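The file work-v2.txt comes next; it holds compact mmCIF, C-alpha atoms.
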# COMPACT_ATOMS: atom_id res chain seq x y z
CA MET A 1 -41.44 125.88 109.31
CA TYR A 2 -40.93 123.94 112.49
CA THR A 3 -38.86 120.96 113.35
CA THR A 4 -38.49 118.46 116.17
CA ALA A 5 -34.77 118.19 116.77
CA ALA A 6 -32.98 121.50 117.33
CA PRO A 7 -32.39 122.21 121.03
CA ASP A 8 -31.06 125.69 120.27
CA ARG A 9 -34.38 126.84 118.80
CA PRO A 10 -37.21 128.43 120.77
CA LEU A 11 -39.83 125.93 121.91
CA PHE A 12 -43.56 126.64 121.51
CA ILE A 13 -46.07 124.48 123.39
CA THR A 14 -49.67 124.70 122.19
CA GLY A 15 -52.56 122.62 120.95
CA ASP A 16 -54.48 125.64 119.66
CA PRO A 17 -54.31 125.78 115.82
CA GLU A 18 -55.20 129.48 115.69
CA LEU A 19 -52.54 130.41 118.25
CA LEU A 20 -50.02 128.19 116.46
CA ASP A 21 -50.69 129.92 113.14
CA ASP A 22 -50.24 133.34 114.73
CA VAL A 23 -46.97 132.49 116.43
CA LEU A 24 -45.57 130.75 113.36
CA ARG A 25 -46.36 133.91 111.38
CA LEU A 26 -44.48 135.99 113.96
CA SER A 27 -41.53 133.58 114.00
CA ALA A 28 -41.34 133.84 110.19
CA ALA A 29 -41.23 137.62 110.52
CA ALA A 30 -38.36 137.22 113.01
CA GLY A 31 -36.55 134.75 110.73
CA VAL A 32 -36.68 132.09 113.42
CA ASP A 33 -37.45 128.37 113.20
CA LEU A 34 -39.57 127.09 116.08
CA GLU A 35 -39.72 123.71 117.68
CA VAL A 36 -43.38 122.93 118.38
CA ALA A 37 -44.87 120.54 120.91
CA ALA A 38 -48.61 119.93 121.20
CA ASP A 39 -48.56 119.26 124.94
CA PRO A 40 -46.22 119.20 127.97
CA THR A 41 -45.38 115.52 127.47
CA ALA A 42 -44.07 116.18 123.97
CA ALA A 43 -42.22 119.27 125.22
CA ARG A 44 -40.42 117.52 128.08
CA PRO A 45 -37.27 116.35 126.16
CA ASN A 46 -36.40 119.89 125.08
CA TRP A 47 -37.92 121.91 127.92
CA SER A 48 -34.65 122.72 129.65
CA ARG A 49 -32.50 123.01 126.48
CA ALA A 50 -34.41 125.63 124.49
CA PRO A 51 -33.12 129.21 124.81
CA LEU A 52 -36.74 130.44 125.04
CA VAL A 53 -40.03 128.67 125.79
CA LEU A 54 -43.37 130.04 124.61
CA VAL A 55 -46.36 128.48 126.36
CA GLY A 56 -49.81 128.72 124.81
CA ASP A 57 -52.47 129.75 127.28
CA ASP A 58 -54.46 126.68 126.20
CA VAL A 59 -51.85 124.34 127.79
CA ALA A 60 -51.02 126.43 130.88
CA GLU A 61 -53.05 124.32 133.29
CA SER A 62 -51.77 121.00 131.93
CA LEU A 63 -48.20 122.32 132.04
CA LYS A 64 -48.65 123.25 135.68
CA ARG A 65 -49.90 119.73 136.44
CA ALA A 66 -46.97 118.20 134.52
CA ARG A 67 -44.62 119.70 137.14
CA LEU A 68 -41.73 120.29 134.78
CA ARG A 69 -38.72 121.87 136.44
CA ARG A 70 -38.85 125.63 136.77
CA ARG A 71 -36.63 127.48 134.34
CA ALA A 72 -35.89 130.99 133.14
CA GLU A 73 -36.97 132.48 129.78
CA VAL A 74 -40.63 131.36 129.74
CA VAL A 75 -43.36 133.48 128.11
CA LEU A 76 -47.09 132.75 128.29
CA VAL A 77 -48.86 133.60 125.01
CA GLY A 78 -52.58 134.21 124.68
CA HIS A 79 -55.27 136.13 122.83
CA ASP A 80 -57.81 137.30 125.39
CA LEU A 81 -56.96 140.84 126.52
CA ASP A 82 -59.85 140.82 129.00
CA ASP A 83 -58.94 137.58 130.79
CA VAL A 84 -57.33 138.80 134.03
CA SER A 85 -56.88 135.22 135.25
CA ILE A 86 -54.10 134.71 132.67
CA TRP A 87 -51.68 136.34 135.11
CA GLU A 88 -52.43 133.67 137.67
CA ARG A 89 -51.76 130.99 135.08
CA ALA A 90 -48.49 132.72 134.19
CA VAL A 91 -47.36 132.41 137.79
CA GLY A 92 -48.38 128.74 137.76
CA VAL A 93 -46.06 127.91 134.85
CA GLY A 94 -43.21 130.16 136.01
CA ALA A 95 -43.57 132.62 133.12
CA GLU A 96 -41.68 135.88 133.48
CA HIS A 97 -43.79 137.65 130.84
CA VAL A 98 -47.24 137.44 129.27
CA ALA A 99 -47.63 138.22 125.56
CA LEU A 100 -51.23 138.98 124.57
CA LEU A 101 -51.74 139.00 120.82
CA PRO A 102 -52.11 141.00 118.68
CA ALA A 103 -50.97 143.86 120.93
CA ALA A 104 -47.70 142.14 121.86
CA GLU A 105 -46.76 141.03 118.34
CA PRO A 106 -43.87 143.51 117.83
CA TRP A 107 -42.41 142.62 121.24
CA LEU A 108 -42.68 138.88 120.57
CA ILE A 109 -41.02 139.19 117.15
CA ALA A 110 -38.09 141.02 118.75
CA ARG A 111 -37.93 138.50 121.59
CA LEU A 112 -37.81 135.54 119.18
CA ALA A 113 -35.09 137.18 117.10
CA GLU A 114 -32.99 137.87 120.18
CA ALA A 115 -33.32 134.29 121.43
CA THR A 116 -31.94 132.95 118.16
CA ASP A 117 -29.14 135.50 118.02
CA LEU A 118 -28.00 134.48 121.47
CA GLY A 119 -28.14 130.76 120.72
CA VAL A 120 -27.29 128.53 123.68
CA ARG A 121 -27.21 130.56 126.87
CA ASP A 122 -24.05 130.87 128.91
CA LEU A 123 -23.19 128.79 131.94
CA ILE A 124 -24.72 128.85 135.41
CA VAL A 125 -22.89 127.23 138.32
CA GLY A 126 -24.62 126.86 141.69
CA VAL A 127 -22.70 126.34 144.93
CA VAL A 128 -24.38 125.05 148.09
CA GLY A 129 -23.03 123.99 151.46
CA GLY A 130 -23.66 120.54 152.88
CA ARG A 131 -23.98 122.25 156.25
CA GLY A 132 -23.57 125.71 157.69
CA GLY A 133 -20.00 126.99 157.50
CA ALA A 134 -18.99 124.52 154.80
CA GLY A 135 -17.30 127.22 152.73
CA ALA A 136 -19.81 127.46 149.89
CA SER A 137 -19.79 131.27 149.77
CA THR A 138 -16.00 131.33 149.72
CA LEU A 139 -15.88 128.84 146.86
CA ALA A 140 -18.57 130.73 144.93
CA ALA A 141 -16.63 133.99 145.29
CA ALA A 142 -13.35 132.31 144.30
CA LEU A 143 -14.96 130.78 141.19
CA ALA A 144 -16.27 134.17 140.12
CA VAL A 145 -12.94 135.92 140.75
CA THR A 146 -10.97 133.21 138.95
CA ALA A 147 -13.32 133.30 135.96
CA LEU A 148 -13.01 137.08 135.79
CA ASN A 149 -9.22 136.77 135.87
CA THR A 150 -9.40 134.48 132.83
CA ASP A 151 -11.30 137.14 130.86
CA ARG A 152 -14.76 135.66 131.28
CA ARG A 153 -17.63 138.06 131.76
CA THR A 154 -18.87 136.98 135.17
CA MET A 155 -21.63 137.76 137.65
CA LEU A 156 -21.89 136.53 141.23
CA ILE A 157 -25.42 136.17 142.64
CA ASP A 158 -26.07 135.72 146.35
CA ALA A 159 -29.30 133.73 146.63
CA ASP A 160 -29.08 133.08 150.38
CA PRO A 161 -31.00 135.73 152.37
CA TYR A 162 -29.66 134.25 155.62
CA GLY A 163 -26.00 134.15 154.61
CA GLY A 164 -25.00 137.64 155.71
CA GLY A 165 -24.34 138.97 152.20
CA VAL A 166 -21.64 137.77 149.83
CA ASP A 167 -20.59 141.39 149.27
CA LEU A 168 -19.04 141.28 152.75
CA ILE A 169 -16.42 138.88 151.39
CA PHE A 170 -15.21 141.72 149.17
CA GLY A 171 -15.64 144.42 151.80
CA GLY A 172 -18.25 145.92 149.49
CA GLU A 173 -21.27 146.18 151.75
CA ARG A 174 -21.32 149.97 151.25
CA ALA A 175 -20.64 149.91 147.51
CA PRO A 176 -23.33 151.78 145.55
CA GLY A 177 -25.78 149.79 143.50
CA LEU A 178 -28.95 147.73 143.69
CA ARG A 179 -29.42 144.80 146.07
CA TRP A 180 -32.08 142.09 146.08
CA PRO A 181 -34.65 144.14 148.05
CA ASP A 182 -34.48 146.77 145.29
CA ILE A 183 -35.34 144.33 142.50
CA ALA A 184 -37.16 141.46 144.26
CA MET A 185 -40.54 142.72 143.08
CA ALA A 186 -39.36 143.07 139.48
CA THR A 187 -41.68 141.57 136.89
CA GLY A 188 -41.15 140.86 133.22
CA ARG A 189 -37.83 140.90 131.48
CA ILE A 190 -34.76 142.68 132.85
CA GLY A 191 -32.12 143.95 130.45
CA GLY A 192 -28.78 142.22 130.95
CA GLY A 193 -26.71 145.33 130.35
CA ASP A 194 -28.96 147.42 132.58
CA LEU A 195 -28.65 144.86 135.37
CA CYS A 196 -24.85 144.79 135.23
CA GLU A 197 -24.65 148.57 135.28
CA ALA A 198 -27.04 148.82 138.24
CA LEU A 199 -25.28 146.28 140.48
CA PRO A 200 -22.39 147.00 142.86
CA CYS A 201 -19.03 146.17 141.28
CA MET A 202 -16.28 144.52 143.29
CA GLY A 203 -13.45 145.52 141.02
CA GLN A 204 -14.79 144.37 137.64
CA LEU A 205 -17.11 141.75 139.14
CA ALA A 206 -20.85 142.51 139.21
CA VAL A 207 -22.35 141.21 142.46
CA LEU A 208 -26.04 140.89 143.34
CA SER A 209 -26.29 140.54 147.11
CA TRP A 210 -28.43 141.61 150.05
CA ASP A 211 -28.64 144.73 152.14
CA ARG A 212 -28.38 144.61 155.92
CA GLY A 213 -32.15 144.67 156.43
CA ASP A 214 -34.53 141.86 157.28
CA PRO A 215 -34.44 138.77 155.02
CA LEU A 216 -37.19 138.45 152.45
CA ASP A 217 -38.49 135.63 150.31
CA LEU A 218 -37.50 135.94 146.65
CA PRO A 219 -40.33 135.50 144.14
CA GLU A 220 -39.47 132.91 141.51
CA SER A 221 -40.35 135.45 138.81
CA ALA A 222 -37.62 137.79 140.06
CA MET A 223 -35.05 134.99 140.11
CA SER A 224 -36.04 133.88 136.60
CA SER A 225 -35.75 137.43 135.31
CA VAL A 226 -32.34 137.97 136.91
CA LEU A 227 -30.93 134.67 135.63
CA GLY A 228 -32.24 135.37 132.16
CA ALA A 229 -30.68 138.83 132.15
CA ALA A 230 -27.37 137.62 133.56
CA THR A 231 -26.93 134.81 131.04
CA ARG A 232 -27.58 137.17 128.16
CA VAL A 233 -24.50 139.26 128.93
CA CYS A 234 -22.17 137.02 130.97
CA ASP A 235 -20.03 134.03 130.09
CA LEU A 236 -20.48 132.61 133.58
CA VAL A 237 -23.01 133.19 136.35
CA VAL A 238 -22.09 131.84 139.80
CA VAL A 239 -24.92 131.51 142.32
CA ASP A 240 -24.30 131.15 146.06
CA LEU A 241 -27.29 129.00 147.03
CA SER A 242 -29.42 128.82 150.12
CA ARG A 243 -30.17 125.52 151.82
CA ARG A 244 -33.85 126.53 151.93
CA PHE A 245 -35.26 125.11 148.71
CA ASP A 246 -38.07 127.55 148.08
CA GLU A 247 -39.42 128.34 144.61
CA ALA A 248 -36.62 130.78 143.79
CA MET A 249 -34.00 128.14 144.64
CA GLN A 250 -35.87 125.62 142.53
CA VAL A 251 -35.55 127.95 139.55
CA VAL A 252 -31.77 128.18 140.03
CA LEU A 253 -31.30 124.45 140.53
CA ALA A 254 -33.41 123.57 137.50
CA THR A 255 -31.51 126.07 135.34
CA ALA A 256 -27.96 125.49 136.58
CA ASP A 257 -25.55 123.57 134.37
CA VAL A 258 -23.61 122.28 137.39
CA VAL A 259 -24.25 122.41 141.14
CA LEU A 260 -21.30 121.99 143.51
CA LEU A 261 -22.08 120.59 146.96
CA VAL A 262 -19.35 121.63 149.42
CA VAL A 263 -18.81 119.14 152.24
CA PRO A 264 -16.17 119.26 155.00
CA ALA A 265 -14.34 115.93 155.38
CA GLU A 266 -16.21 115.04 158.56
CA ILE A 267 -18.74 112.32 159.37
CA ARG A 268 -21.40 114.67 160.76
CA ALA A 269 -20.97 117.04 157.83
CA THR A 270 -21.44 114.13 155.43
CA ALA A 271 -24.61 113.08 157.24
CA SER A 272 -25.96 116.61 156.98
CA ALA A 273 -24.95 116.84 153.32
CA ALA A 274 -26.88 113.65 152.54
CA ARG A 275 -30.14 115.48 153.22
CA ILE A 276 -29.09 118.44 151.10
CA ALA A 277 -27.98 116.11 148.30
CA THR A 278 -31.38 114.40 148.26
CA ALA A 279 -33.15 117.73 147.80
CA VAL A 280 -30.69 119.08 145.23
CA THR A 281 -30.61 116.00 143.01
CA ARG A 282 -34.40 116.08 142.71
CA LEU A 283 -34.07 119.43 140.97
CA ALA A 284 -30.63 119.56 139.30
CA ASP A 285 -29.26 117.22 136.64
CA ASP A 286 -25.52 117.60 137.34
CA VAL A 287 -24.53 117.69 141.02
CA ARG A 288 -20.91 117.14 142.11
CA VAL A 289 -19.20 117.04 145.48
CA VAL A 290 -16.33 119.24 146.58
CA VAL A 291 -14.77 117.84 149.76
CA ARG A 292 -12.96 120.36 151.91
CA GLY A 293 -10.10 119.45 154.21
CA PRO A 294 -8.78 119.00 156.77
CA ALA A 295 -10.04 115.51 157.58
CA PRO A 296 -9.62 115.20 161.38
CA GLY A 297 -10.60 111.53 161.37
CA GLY A 298 -8.89 110.62 158.12
CA LEU A 299 -12.12 110.50 156.12
CA LEU A 300 -11.29 110.21 152.41
CA ALA A 301 -12.87 112.48 149.82
CA ILE A 302 -13.85 109.54 147.64
CA ASP A 303 -15.66 107.95 150.60
CA VAL A 304 -17.67 111.14 151.14
CA ALA A 305 -18.68 111.19 147.48
CA THR A 306 -19.54 107.49 147.51
CA THR A 307 -21.66 107.89 150.62
CA LEU A 308 -23.58 110.72 148.96
CA GLY A 309 -23.87 108.82 145.68
CA LEU A 310 -22.46 111.75 143.69
CA PRO A 311 -19.40 112.29 141.48
CA LEU A 312 -16.37 113.86 143.12
CA ALA A 313 -15.45 117.24 141.67
CA GLY A 314 -12.36 117.57 143.83
CA TYR A 315 -10.70 117.70 147.22
CA LEU A 316 -9.68 121.06 148.64
CA LYS A 317 -6.61 120.79 150.83
CA ALA A 318 -6.78 122.85 153.99
CA GLU A 319 -5.39 126.37 153.76
CA PRO A 320 -4.59 127.29 157.37
CA ALA A 321 -4.13 130.98 156.61
CA LEU A 322 -7.23 131.35 154.44
CA ALA A 323 -9.64 132.26 157.24
CA ALA A 324 -7.31 134.96 158.54
CA ARG A 325 -6.85 136.38 155.04
CA LEU A 326 -10.61 136.53 154.54
CA GLU A 327 -11.04 138.32 157.86
CA ARG A 328 -8.50 140.90 156.70
CA GLY A 329 -10.58 141.49 153.58
CA GLU A 330 -8.52 139.51 151.08
CA VAL A 331 -10.61 138.31 148.17
CA PRO A 332 -10.89 134.51 147.74
CA GLY A 333 -8.83 133.49 144.74
CA GLY A 334 -7.36 136.96 144.48
CA ARG A 335 -3.76 135.84 144.96
CA GLY A 336 -3.92 133.56 141.94
CA ARG A 337 -2.37 130.60 143.74
CA GLY A 338 -3.14 127.97 146.35
CA PRO A 339 -5.50 124.98 146.52
CA LEU A 340 -8.67 127.05 146.24
CA THR A 341 -7.53 128.92 143.13
CA ASP A 342 -6.09 125.77 141.57
CA PHE A 343 -9.40 123.96 141.99
CA CYS A 344 -11.29 126.86 140.44
CA ARG A 345 -8.96 126.98 137.43
CA HIS A 346 -9.19 123.25 136.89
CA PHE A 347 -12.97 123.20 137.27
CA LEU A 348 -13.52 126.14 134.92
CA ALA A 349 -11.20 124.66 132.30
CA GLU A 350 -13.24 121.45 132.24
CA LEU A 351 -16.67 123.05 132.62
CA ARG A 352 -17.58 122.99 128.96
CA GLN A 353 -17.52 119.19 128.92
CA PRO A 354 -21.11 118.24 129.84
CA GLY A 355 -21.76 115.07 131.77
CA THR A 356 -18.16 114.47 132.78
CA ALA A 357 -16.69 114.73 136.23
CA VAL A 358 -14.09 117.42 136.60
CA VAL A 359 -11.75 115.00 138.29
CA GLY A 360 -9.48 112.90 136.05
CA ALA A 361 -8.12 109.47 136.90
CA ALA A 362 -4.89 110.73 138.44
CA ASP A 363 -6.72 113.49 140.26
CA ALA A 364 -9.28 111.08 141.65
CA ALA A 365 -6.51 108.86 143.00
CA ALA A 366 -4.89 111.83 144.71
CA ALA A 367 -8.18 112.98 146.15
CA ALA A 368 -9.00 109.48 147.36
CA ALA A 369 -5.69 109.41 149.16
CA GLY A 370 -6.58 112.68 150.83
CA ASP A 371 -3.63 114.53 149.30
CA GLY A 372 -5.62 116.87 147.08
CA TRP A 373 -4.60 117.69 143.53
CA TRP A 374 -1.57 119.85 144.03
Mind converting the file's structure to structure tokens?
Amino acid sequence: MYTTAAPDRPLFITGDPELLDDVLRLSAAAGVDLEVAADPTAARPNWSRAPLVLVGDDVAESLKRARLRRRAEVVLVGHDLDDVSIWERAVGVGAEHVALLPAAEPWLIARLAEATDLGVRDLIVGVVGGRGGAGASTLAAALAVTALNTDRRTMLIDADPYGGGVDLIFGGERAPGLRWPDIAMATGRIGGGDLCEALPCMGQLAVLSWDRGDPLDLPESAMSSVLGAATRVCDLVVVDLSRRFDEAMQVVLATADVVLLVVPAEIRATASAARIATAVTRLADDVRVVVRGPAPGGLLAIDVATTLGLPLAGYLKAEPALAARLERGEVPGGRGRGPLTDFCRHFLAELRQPGTAVVGAADAAAAAAGDGWW
């Protein structure tokens, strides 16, 4: 009943014949074909592509040693109801839920059926600044607003506890709803619909941000649960990333389809971004540079990208009035015109083409000349 080639099927990693038989029986009850790997090495090619990963407790320690990238939608499956140490192993492999059989059989059948119904999860875009004040939060907000305006179900997640709160961009710091401190200790699986309904809404945009209290470290389990919930109900999830690459950030970077690195067209900013790029590319497969004007010294966008060794996603021409509009509470991308909105539209239109730079030949020439796209 299992195969070795379908990336849109749940992946089960185990070398335990008894556990394999049990899970195959449950997958048959759910009407789901599983992809099975006997060990982490065999699982590696499809680890990040499967909509759901089941990890047998027998391979938990070897999976931890294999140091595969953290991802959402991981369940640890075992038999021993009395083994309290299984929870520690679940943390070690980044599992957001533990299924102990036979008690959890009905839950696991439903979970397998849901994973197949959903198919390939929807897109996650991360945005990180090459230095402080690069404009990453503004770009993240503009991407979310632009996607929403093109009828995509969208969620904006603020993953930077030191960024001041992305809800401030919308003037929504007092909007009712849950913030990270309310759900940071969440364990297990969060319902996507429940999450959207519980979050503050900036217009029609669901935003998960911070309160005005002290920063806290996000557990990777909470980030995994939130990303899993968000991608079950949204077409696009935009994450405003921190430059502190803790375990929660590693989960986002390993799960994201694309990460945009925002770099002002300045030499010192490029030098700072080089360090960020090194860290990000260790964790994310598709990292692209967005160069933001103005360029006081005439530094070309293509030279910034070449220096960083990353593809150029685009050059954002300077918008002299943008800062003033943001201070007045105008939403980034809300006007529906200008370099920022045009970039977002272009990027989102090309986003479904994996492995290709957003920039086309003519666009790259314009960006290299420092003239932008528009």
Return as a tab-separated table the residues of segment 39-113 of chain A lying at most 7 Å from segment 250-256 of chain A, together with the closest atom-to-atom pair for each and the distance in Å to one decimal, counting all atoms listed in the file, with rows in chain order and ascending residue number.
residue	atom	partner	partner_atom	distance
A:Arg69	CA	A:Ala254	CA	5.7
A:Arg70	CA	A:Val251	CA	4.9
A:Arg71	CA	A:Val251	CA	5.3
A:Ala72	CA	A:Thr255	CA	6.9
* **Selection: 12 Å around Ala103 of chain A, all atoms listed in the file, excl. self and same-chain fewer than 6 positions, as JSON, numbers by chain** => {"A": [77, 78, 79, 80, 81, 109]}
* Please measure the separation of atom CA of Phe347 of chain A and atom CA of Gly163 of chain A, giving the value in Å to one decimal. =>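 Going from atom CA of Phe347 of chain A over to atom CA of Gly163 of chain A, I get 24.3 Å.
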* To do: Find the residues around Thr138 of chain A up to 12 Å (all atoms listed in the file counted), leave out those fewer than 2 positions away in its own chain, and share them as a PyMOL selection string.
  => chain A and resi 127-129+133-136+140-145+156+158+163+165-170+238-241+262+292+322-323+325-327+330-334+340-341+344
* **From A:Ser221, A:Ser48, A:Ser137, A:Thr154, residue lying nearest Trp87 of chain A [only C-alpha atoms]** =>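 Looking at the shortest contact to Trp87 of chain A, the residue is A:Ser221.
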* So which residues touch Asp21 of chain A within 12 Å, counting only C-alpha atoms, skipping near sequence neighbours fewer than 6 positions away, as a PyMOL selection string? -> chain A and resi 1-2+12+14-15+27-28+34+36+56+101
* Quick one: distance from atom CA of Ala43 of chain A to atom CA of Thr281 of chain A in Å, one decimal? ->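 A separation of 21.5 Å between them.
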* **Coordinates-based distance that separates atom CA of Val237 of chain A from atom CA of Val125 of chain A (Å, one decimal)** =>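 Between atom CA of Val125 of chain A and atom CA of Val237 of chain A the gap works out to 6.3 Å.
Shortest atom-to-atom contact with Asp246 of chain A among A:Leu308, A:Ala159, A:Ala95, A:Ile183: A:Ala159, counting all atoms listed in the file.
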* Ala113 of chain A surroundings by only C-alpha atoms, 12 Å radius, close-in-sequence under 3 positions cut, as a ChimeraX atom specification -> /A:9-10,26-34,51-52,106-110,116-119
* Determine the nearest neighbour of Glu96 of chain A from the options A:Ala229, A:Leu199, A:Ala284, A:Leu261, counting only C-alpha atoms. =>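 When distances to Glu96 of chain A are compared using only C-alpha atoms, the smallest one comes from A:Ala229.
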